[in-house]
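J.: Here it is: the structure, laid out below.
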Amino acid sequence: MNPSQPYPNAPYPSQTYAQQAYPASAGGATTTTVTTTRVVAVQPYFDHSYVRSIPGILKLVQLLLMLIAFILAAAAWSSDWRYFLHYCIGSAGWAKFVTITGFIITLILLCLYLFHLIERLYQVNWLFVELIYCGIVAILLFIAGAVMIPYAEVDGTRGACTFFCWLAMLAYGADAFFKFKSWRNGETAQG
């Protein structure tokens, strides 16, 4: 007997021998098939409500703190004319590099979220990428603030730069924590 042919004594004429011999609910087990579809917007659009969400507020705080820390690092660099030591210039240069690089990347991410371009690039696991990014920037900001400390008593802008680097480090650490929770829960970055 062919399993794909209808069974002669089947309660339903369309039921095959295989369907009658092995029903889907045999032994009380049921099978459920779930299909998910992802709808991607065709055109990017500006979403001002993102800046009122927690991730949006965190990104704005990060941008502000990084900009202040960058300005203070630049001022510390130029105010060292009496103490023109290699380490002193190098520490301000490192703080400038970390803060401006973090500022630019965070600004790009903010624009991607504001215009819903993250949804168009759905192949990338954005929560995991941002989790790693925020963790690395938090570590680099800790180092940038720490290398500014030795000459903080000579130049007050170095102490202020350390303070704002470490405030930005806390903001990036909080963002990394929220990204980790979202990533573990299987959420999407946006949309």
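Labeling convention for the structure tokens: chains A, B, ... as they appear, residues from 1 per chain, ligands from 1 in order of appearance.
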Considering only C-alpha atoms, tabulate each residue of range 98-154 of chain A that lies at most 12 Å from range 57-79 of chain A along with its nearest interatomic pair and the corresponding distance in Å to one decimal; arrange the rows by chain and ascending residue number and present them as CSV.
T.:
residue,atom,partner,partner_atom,distance
A:Val98,CA,A:Phe70,CA,8.5
A:Thr99,CA,A:Met66,CA,5.2
A:Ile100,CA,A:Phe70,CA,6.3
A:Thr101,CA,A:Met66,CA,9.3
A:Gly102,CA,A:Met66,CA,7.2
A:Phe103,CA,A:Leu63,CA,5.6
A:Ile104,CA,A:Leu63,CA,8.6
A:Ile105,CA,A:Leu63,CA,9.7
A:Thr106,CA,A:Lys59,CA,6.8
A:Leu107,CA,A:Leu63,CA,7.1
A:Ile108,CA,A:Lys59,CA,10.5
A:Leu109,CA,A:Lys59,CA,8.5
A:Leu110,CA,A:Lys59,CA,6.7
A:Cys111,CA,A:Lys59,CA,10.4
A:Leu112,CA,A:Lys59,CA,11.8
A:Tyr113,CA,A:Lys59,CA,10.3
A:Leu114,CA,A:Lys59,CA,11.1
A:Glu130,CA,A:Lys59,CA,11.4
A:Cys134,CA,A:Gln62,CA,10.3
A:Val137,CA,A:Gln62,CA,10.7
A:Ala138,CA,A:Gln62,CA,10.7
A:Leu141,CA,A:Met66,CA,9.4
A:Ala144,CA,A:Ala73,CA,9.7
A:Gly145,CA,A:Ala69,CA,9.3
A:Val147,CA,A:Ala73,CA,11.3
A:Met148,CA,A:Ala73,CA,8.7
A:Ile149,CA,A:Ala76,CA,11.7
A:Tyr151,CA,A:Ala76,CA,9.8
A:Ala152,CA,A:Ala76,CA,9.5
A:Glu153,CA,A:Ala76,CA,11.9
A:Val154,CA,A:Ser79,CA,10.0
J.: Leaving out Asp47 in chain A and any residue of its chain fewer than 3 positions from it, which residues lie within 10 Å of it when counting only C-alpha atoms, given as a ChimeraX atom specification?
T.: /A:44,50-51,113-116
J.: What's the separation between CA of Thr157 in chain A and CA of Lys96 in chain A, in Å to one decimal place?
T.: 12.9 Å
J.: Write out as an mmCIF file with N, CA and C atoms, in the first residue's frame the set of residues from range 47-143 of chain A that DSSP, computed on the backbone, places in alpha helix (DSSP H).
T.:
data_model
loop_
_atom_site.group_PDB
_atom_site.id
_atom_site.type_symbol
_atom_site.label_atom_id
_atom_site.label_comp_id
_atom_site.auth_asym_id
_atom_site.auth_seq_id
_atom_site.Cartn_x
_atom_site.Cartn_y
_atom_site.Cartn_z
ATOM 1 N N ILE A 54 14.719 55.830 26.858
ATOM 2 C CA ILE A 54 15.922 55.691 27.696
ATOM 3 C C ILE A 54 17.186 55.562 26.843
ATOM 4 N N PRO A 55 17.206 54.726 25.786
ATOM 5 C CA PRO A 55 18.419 54.675 24.962
ATOM 6 C C PRO A 55 18.737 56.013 24.287
ATOM 7 N N GLY A 56 17.699 56.738 23.876
ATOM 8 C CA GLY A 56 17.922 58.036 23.247
ATOM 9 C C GLY A 56 18.478 59.064 24.224
ATOM 10 N N ILE A 57 17.933 59.088 25.434
ATOM 11 C CA ILE A 57 18.434 60.007 26.454
ATOM 12 C C ILE A 57 19.874 59.661 26.814
ATOM 13 N N LEU A 58 20.166 58.362 26.931
ATOM 14 C CA LEU A 58 21.544 57.950 27.239
ATOM 15 C C LEU A 58 22.514 58.393 26.143
ATOM 16 N N LYS A 59 22.104 58.271 24.887
ATOM 17 C CA LYS A 59 22.985 58.692 23.791
ATOM 18 C C LYS A 59 23.213 60.204 23.828
ATOM 19 N N LEU A 60 22.184 60.982 24.130
ATOM 20 C CA LEU A 60 22.353 62.432 24.225
ATOM 21 C C LEU A 60 23.266 62.811 25.390
ATOM 22 N N VAL A 61 23.109 62.134 26.529
ATOM 23 C CA VAL A 61 23.980 62.383 27.686
ATOM 24 C C VAL A 61 25.421 62.013 27.347
ATOM 25 N N GLN A 62 25.608 60.883 26.669
ATOM 26 C CA GLN A 62 26.952 60.473 26.268
ATOM 27 C C GLN A 62 27.590 61.511 25.351
ATOM 28 N N LEU A 63 26.815 62.001 24.384
ATOM 29 C CA LEU A 63 27.355 63.002 23.464
ATOM 30 C C LEU A 63 27.763 64.266 24.201
ATOM 31 N N LEU A 64 26.930 64.736 25.115
ATOM 32 C CA LEU A 64 27.236 65.953 25.859
ATOM 33 C C LEU A 64 28.484 65.780 26.721
ATOM 34 N N LEU A 65 28.565 64.664 27.447
ATOM 35 C CA LEU A 65 29.721 64.428 28.320
ATOM 36 C C LEU A 65 31.007 64.241 27.522
ATOM 37 N N MET A 66 30.922 63.569 26.389
ATOM 38 C CA MET A 66 32.118 63.376 25.554
ATOM 39 C C MET A 66 32.585 64.705 24.965
ATOM 40 N N LEU A 67 31.657 65.555 24.576
ATOM 41 C CA LEU A 67 32.040 66.858 24.033
ATOM 42 C C LEU A 67 32.709 67.718 25.097
ATOM 43 N N ILE A 68 32.160 67.732 26.303
ATOM 44 C CA ILE A 68 32.779 68.505 27.391
ATOM 45 C C ILE A 68 34.157 67.955 27.719
ATOM 46 N N ALA A 69 34.284 66.627 27.795
ATOM 47 C CA ALA A 69 35.587 66.017 28.093
ATOM 48 C C ALA A 69 36.592 66.309 26.987
ATOM 49 N N PHE A 70 36.154 66.318 25.735
ATOM 50 C CA PHE A 70 37.052 66.642 24.631
ATOM 51 C C PHE A 70 37.539 68.083 24.722
ATOM 52 N N ILE A 71 36.644 69.003 25.000
ATOM 53 C CA ILE A 71 37.033 70.415 25.115
ATOM 54 C C ILE A 71 38.013 70.597 26.266
ATOM 55 N N LEU A 72 37.767 69.931 27.386
ATOM 56 C CA LEU A 72 38.691 70.038 28.516
ATOM 57 C C LEU A 72 40.039 69.399 28.211
ATOM 58 N N ALA A 73 40.051 68.291 27.492
ATOM 59 C CA ALA A 73 41.325 67.666 27.111
ATOM 60 C C ALA A 73 42.097 68.570 26.151
ATOM 61 N N ALA A 74 41.392 69.236 25.242
ATOM 62 C CA ALA A 74 42.057 70.161 24.323
ATOM 63 C C ALA A 74 42.611 71.357 25.070
ATOM 64 N N ALA A 75 41.876 71.840 26.070
ATOM 65 C CA ALA A 75 42.367 72.961 26.876
ATOM 66 C C ALA A 75 43.553 72.529 27.731
ATOM 67 N N ALA A 76 43.539 71.310 28.226
ATOM 68 C CA ALA A 76 44.660 70.814 29.030
ATOM 69 C C ALA A 76 45.896 70.670 28.170
ATOM 70 N N TRP A 77 45.734 70.278 26.951
ATOM 71 C CA TRP A 77 46.866 70.156 26.050
ATOM 72 C C TRP A 77 47.523 71.516 25.840
ATOM 73 N N SER A 78 46.721 72.534 25.587
ATOM 74 C CA SER A 78 47.291 73.842 25.275
ATOM 75 C C SER A 78 47.750 74.590 26.509
ATOM 76 N N HIS A 86 56.581 64.821 27.903
ATOM 77 C CA HIS A 86 56.021 63.886 26.926
ATOM 78 C C HIS A 86 54.775 63.185 27.480
ATOM 79 N N TYR A 87 54.835 62.738 28.721
ATOM 80 C CA TYR A 87 53.689 62.047 29.301
ATOM 81 C C TYR A 87 52.489 62.974 29.412
ATOM 82 N N CYS A 88 52.758 64.197 29.777
ATOM 83 C CA CYS A 88 51.683 65.163 29.979
ATOM 84 C C CYS A 88 50.939 65.412 28.673
ATOM 85 N N ILE A 89 51.664 65.594 27.590
ATOM 86 C CA ILE A 89 51.037 65.823 26.296
ATOM 87 C C ILE A 89 50.358 64.541 25.817
ATOM 88 N N GLY A 90 51.009 63.392 26.037
ATOM 89 C CA GLY A 90 50.448 62.130 25.592
ATOM 90 C C GLY A 90 49.136 61.798 26.283
ATOM 91 N N SER A 91 49.023 62.124 27.582
ATOM 92 C CA SER A 91 47.784 61.805 28.293
ATOM 93 C C SER A 91 46.633 62.655 27.782
ATOM 94 N N ALA A 92 46.876 63.923 27.508
ATOM 95 C CA ALA A 92 45.814 64.772 26.965
ATOM 96 C C ALA A 92 45.475 64.333 25.535
ATOM 97 N N GLY A 93 46.471 63.924 24.788
ATOM 98 C CA GLY A 93 46.217 63.438 23.431
ATOM 99 C C GLY A 93 45.382 62.171 23.435
ATOM 100 N N TRP A 94 45.662 61.273 24.386
ATOM 101 C CA TRP A 94 44.882 60.049 24.483
ATOM 102 C C TRP A 94 43.434 60.368 24.858
ATOM 103 N N ALA A 95 43.243 61.278 25.802
ATOM 104 C CA ALA A 95 41.885 61.652 26.207
ATOM 105 C C ALA A 95 41.143 62.302 25.041
ATOM 106 N N LYS A 96 41.844 63.126 24.273
ATOM 107 C CA LYS A 96 41.203 63.737 23.101
ATOM 108 C C LYS A 96 40.807 62.676 22.081
ATOM 109 N N PHE A 97 41.682 61.730 21.830
ATOM 110 C CA PHE A 97 41.391 60.673 20.851
ATOM 111 C C PHE A 97 40.186 59.852 21.269
ATOM 112 N N VAL A 98 40.161 59.417 22.528
ATOM 113 C CA VAL A 98 39.064 58.566 23.005
ATOM 114 C C VAL A 98 37.744 59.331 22.977
ATOM 115 N N THR A 99 37.749 60.574 23.444
ATOM 116 C CA THR A 99 36.490 61.310 23.527
ATOM 117 C C THR A 99 35.948 61.692 22.155
ATOM 118 N N ILE A 100 36.798 62.117 21.242
ATOM 119 C CA ILE A 100 36.275 62.523 19.935
ATOM 120 C C ILE A 100 35.866 61.306 19.107
ATOM 121 N N THR A 101 36.590 60.210 19.224
ATOM 122 C CA THR A 101 36.204 58.996 18.501
ATOM 123 C C THR A 101 34.872 58.465 19.023
ATOM 124 N N GLY A 102 34.733 58.411 20.339
ATOM 125 C CA GLY A 102 33.464 57.978 20.928
ATOM 126 C C GLY A 102 32.326 58.915 20.578
ATOM 127 N N PHE A 103 32.603 60.216 20.547
ATOM 128 C CA PHE A 103 31.580 61.199 20.181
ATOM 129 C C PHE A 103 31.084 60.963 18.757
ATOM 130 N N ILE A 104 31.997 60.766 17.827
ATOM 131 C CA ILE A 104 31.620 60.598 16.416
ATOM 132 C C ILE A 104 30.825 59.303 16.216
ATOM 133 N N ILE A 105 31.279 58.204 16.807
ATOM 134 C CA ILE A 105 30.582 56.928 16.634
ATOM 135 C C ILE A 105 29.205 56.972 17.290
ATOM 136 N N THR A 106 29.104 57.588 18.464
ATOM 137 C CA THR A 106 27.806 57.701 19.132
ATOM 138 C C THR A 106 26.859 58.598 18.340
ATOM 139 N N LEU A 107 27.383 59.657 17.730
ATOM 140 C CA LEU A 107 26.568 60.529 16.890
ATOM 141 C C LEU A 107 26.044 59.775 15.666
ATOM 142 N N ILE A 108 26.883 58.948 15.077
ATOM 143 C CA ILE A 108 26.444 58.135 13.934
ATOM 144 C C ILE A 108 25.350 57.159 14.363
ATOM 145 N N LEU A 109 25.533 56.508 15.509
ATOM 146 C CA LEU A 109 24.510 55.579 16.004
ATOM 147 C C LEU A 109 23.202 56.303 16.306
ATOM 148 N N LEU A 110 23.293 57.502 16.873
ATOM 149 C CA LEU A 110 22.088 58.277 17.149
ATOM 150 C C LEU A 110 21.348 58.600 15.857
ATOM 151 N N CYS A 111 22.066 58.986 14.829
ATOM 152 C CA CYS A 111 21.426 59.274 13.538
ATOM 153 C C CYS A 111 20.799 58.018 12.929
ATOM 154 N N LEU A 112 21.469 56.878 13.066
ATOM 155 C CA LEU A 112 20.903 55.626 12.559
ATOM 156 C C LEU A 112 19.582 55.291 13.253
ATOM 157 N N TYR A 113 19.514 55.548 14.550
ATOM 158 C CA TYR A 113 18.277 55.281 15.281
ATOM 159 C C TYR A 113 17.212 56.333 14.992
ATOM 160 N N LEU A 114 17.607 57.596 14.896
ATOM 161 C CA LEU A 114 16.632 58.662 14.651
ATOM 162 C C LEU A 114 15.928 58.503 13.311
ATOM 163 N N LEU A 117 17.288 53.779 10.348
ATOM 164 C CA LEU A 117 18.143 53.051 9.417
ATOM 165 C C LEU A 117 18.602 51.724 10.017
ATOM 166 N N ILE A 118 18.503 51.608 11.342
ATOM 167 C CA ILE A 118 18.827 50.345 12.015
ATOM 168 C C ILE A 118 17.900 49.241 11.508
ATOM 169 N N GLU A 119 16.641 49.589 11.263
ATOM 170 C CA GLU A 119 15.688 48.600 10.774
ATOM 171 C C GLU A 119 16.049 48.108 9.380
ATOM 172 N N ARG A 120 16.601 48.965 8.578
ATOM 173 C CA ARG A 120 16.982 48.563 7.223
ATOM 174 C C ARG A 120 18.216 47.668 7.239
ATOM 175 N N TRP A 126 22.456 44.438 16.201
ATOM 176 C CA TRP A 126 22.843 45.751 16.703
ATOM 177 C C TRP A 126 22.957 45.794 18.215
ATOM 178 N N LEU A 127 22.138 45.070 18.920
ATOM 179 C CA LEU A 127 22.241 45.086 20.382
ATOM 180 C C LEU A 127 23.584 44.534 20.843
ATOM 181 N N PHE A 128 24.023 43.457 20.225
ATOM 182 C CA PHE A 128 25.312 42.868 20.609
ATOM 183 C C PHE A 128 26.465 43.790 20.195
ATOM 184 N N VAL A 129 26.375 44.373 19.002
ATOM 185 C CA VAL A 129 27.422 45.288 18.534
ATOM 186 C C VAL A 129 27.530 46.487 19.472
ATOM 187 N N GLU A 130 26.388 47.052 19.854
ATOM 188 C CA GLU A 130 26.419 48.203 20.759
ATOM 189 C C GLU A 130 26.838 47.811 22.168
ATOM 190 N N LEU A 131 26.502 46.615 22.594
ATOM 191 C CA LEU A 131 26.959 46.130 23.897
ATOM 192 C C LEU A 131 28.482 46.096 23.938
ATOM 193 N N ILE A 132 29.098 45.538 22.921
ATOM 194 C CA ILE A 132 30.564 45.480 22.856
ATOM 195 C C ILE A 132 31.144 46.886 22.742
ATOM 196 N N TYR A 133 30.549 47.728 21.889
ATOM 197 C CA TYR A 133 31.031 49.097 21.707
ATOM 198 C C TYR A 133 30.978 49.885 23.021
ATOM 199 N N CYS A 134 29.842 49.834 23.715
ATOM 200 C CA CYS A 134 29.710 50.588 24.962
ATOM 201 C C CYS A 134 30.674 50.074 26.029
ATOM 202 N N GLY A 135 30.874 48.769 26.088
ATOM 203 C CA GLY A 135 31.828 48.222 27.052
ATOM 204 C C GLY A 135 33.252 48.668 26.773
ATOM 205 N N ILE A 136 33.655 48.647 25.508
ATOM 206 C CA ILE A 136 35.014 49.068 25.149
ATOM 207 C C ILE A 136 35.205 50.549 25.416
ATOM 208 N N VAL A 137 34.228 51.370 25.059
ATOM 209 C CA VAL A 137 34.353 52.816 25.287
ATOM 210 C C VAL A 137 34.397 53.118 26.780
ATOM 211 N N ALA A 138 33.623 52.392 27.589
ATOM 212 C CA ALA A 138 33.665 52.606 29.035
ATOM 213 C C ALA A 138 35.061 52.312 29.591
ATOM 214 N N ILE A 139 35.686 51.243 29.127
ATOM 215 C CA ILE A 139 37.041 50.914 29.580
ATOM 216 C C ILE A 139 38.036 51.976 29.115
ATOM 217 N N LEU A 140 37.927 52.404 27.863
ATOM 218 C CA LEU A 140 38.847 53.420 27.339
ATOM 219 C C LEU A 140 38.666 54.764 28.037
ATOM 220 N N LEU A 141 37.439 55.106 28.416
ATOM 221 C CA LEU A 141 37.214 56.356 29.146
ATOM 222 C C LEU A 141 37.785 56.278 30.557
ATOM 223 N N PHE A 142 37.719 55.109 31.171
ATOM 224 C CA PHE A 142 38.354 54.951 32.482
ATOM 225 C C PHE A 142 39.857 55.190 32.376
ATOM 226 N N ILE A 143 40.469 54.619 31.360
ATOM 227 C CA ILE A 143 41.912 54.801 31.161
ATOM 228 C C ILE A 143 42.226 56.251 30.830
#
J.: For a test of reading the model, state the distance in Å between CA of Gly173 in chain A and CA of Ser49 in chain A, rounded to one decimal.
T.: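 Atom-to-atom, CA of Gly173 in chain A and CA of Ser49 in chain A are spaced 23.1 Å apart.
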J.: For the atom pair CA of Ser53 in chain A and CA of Tyr122 in chain A, what is the interatomic distance in Å to one decimal place?
T.: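 So the answer is 20.3 Å.
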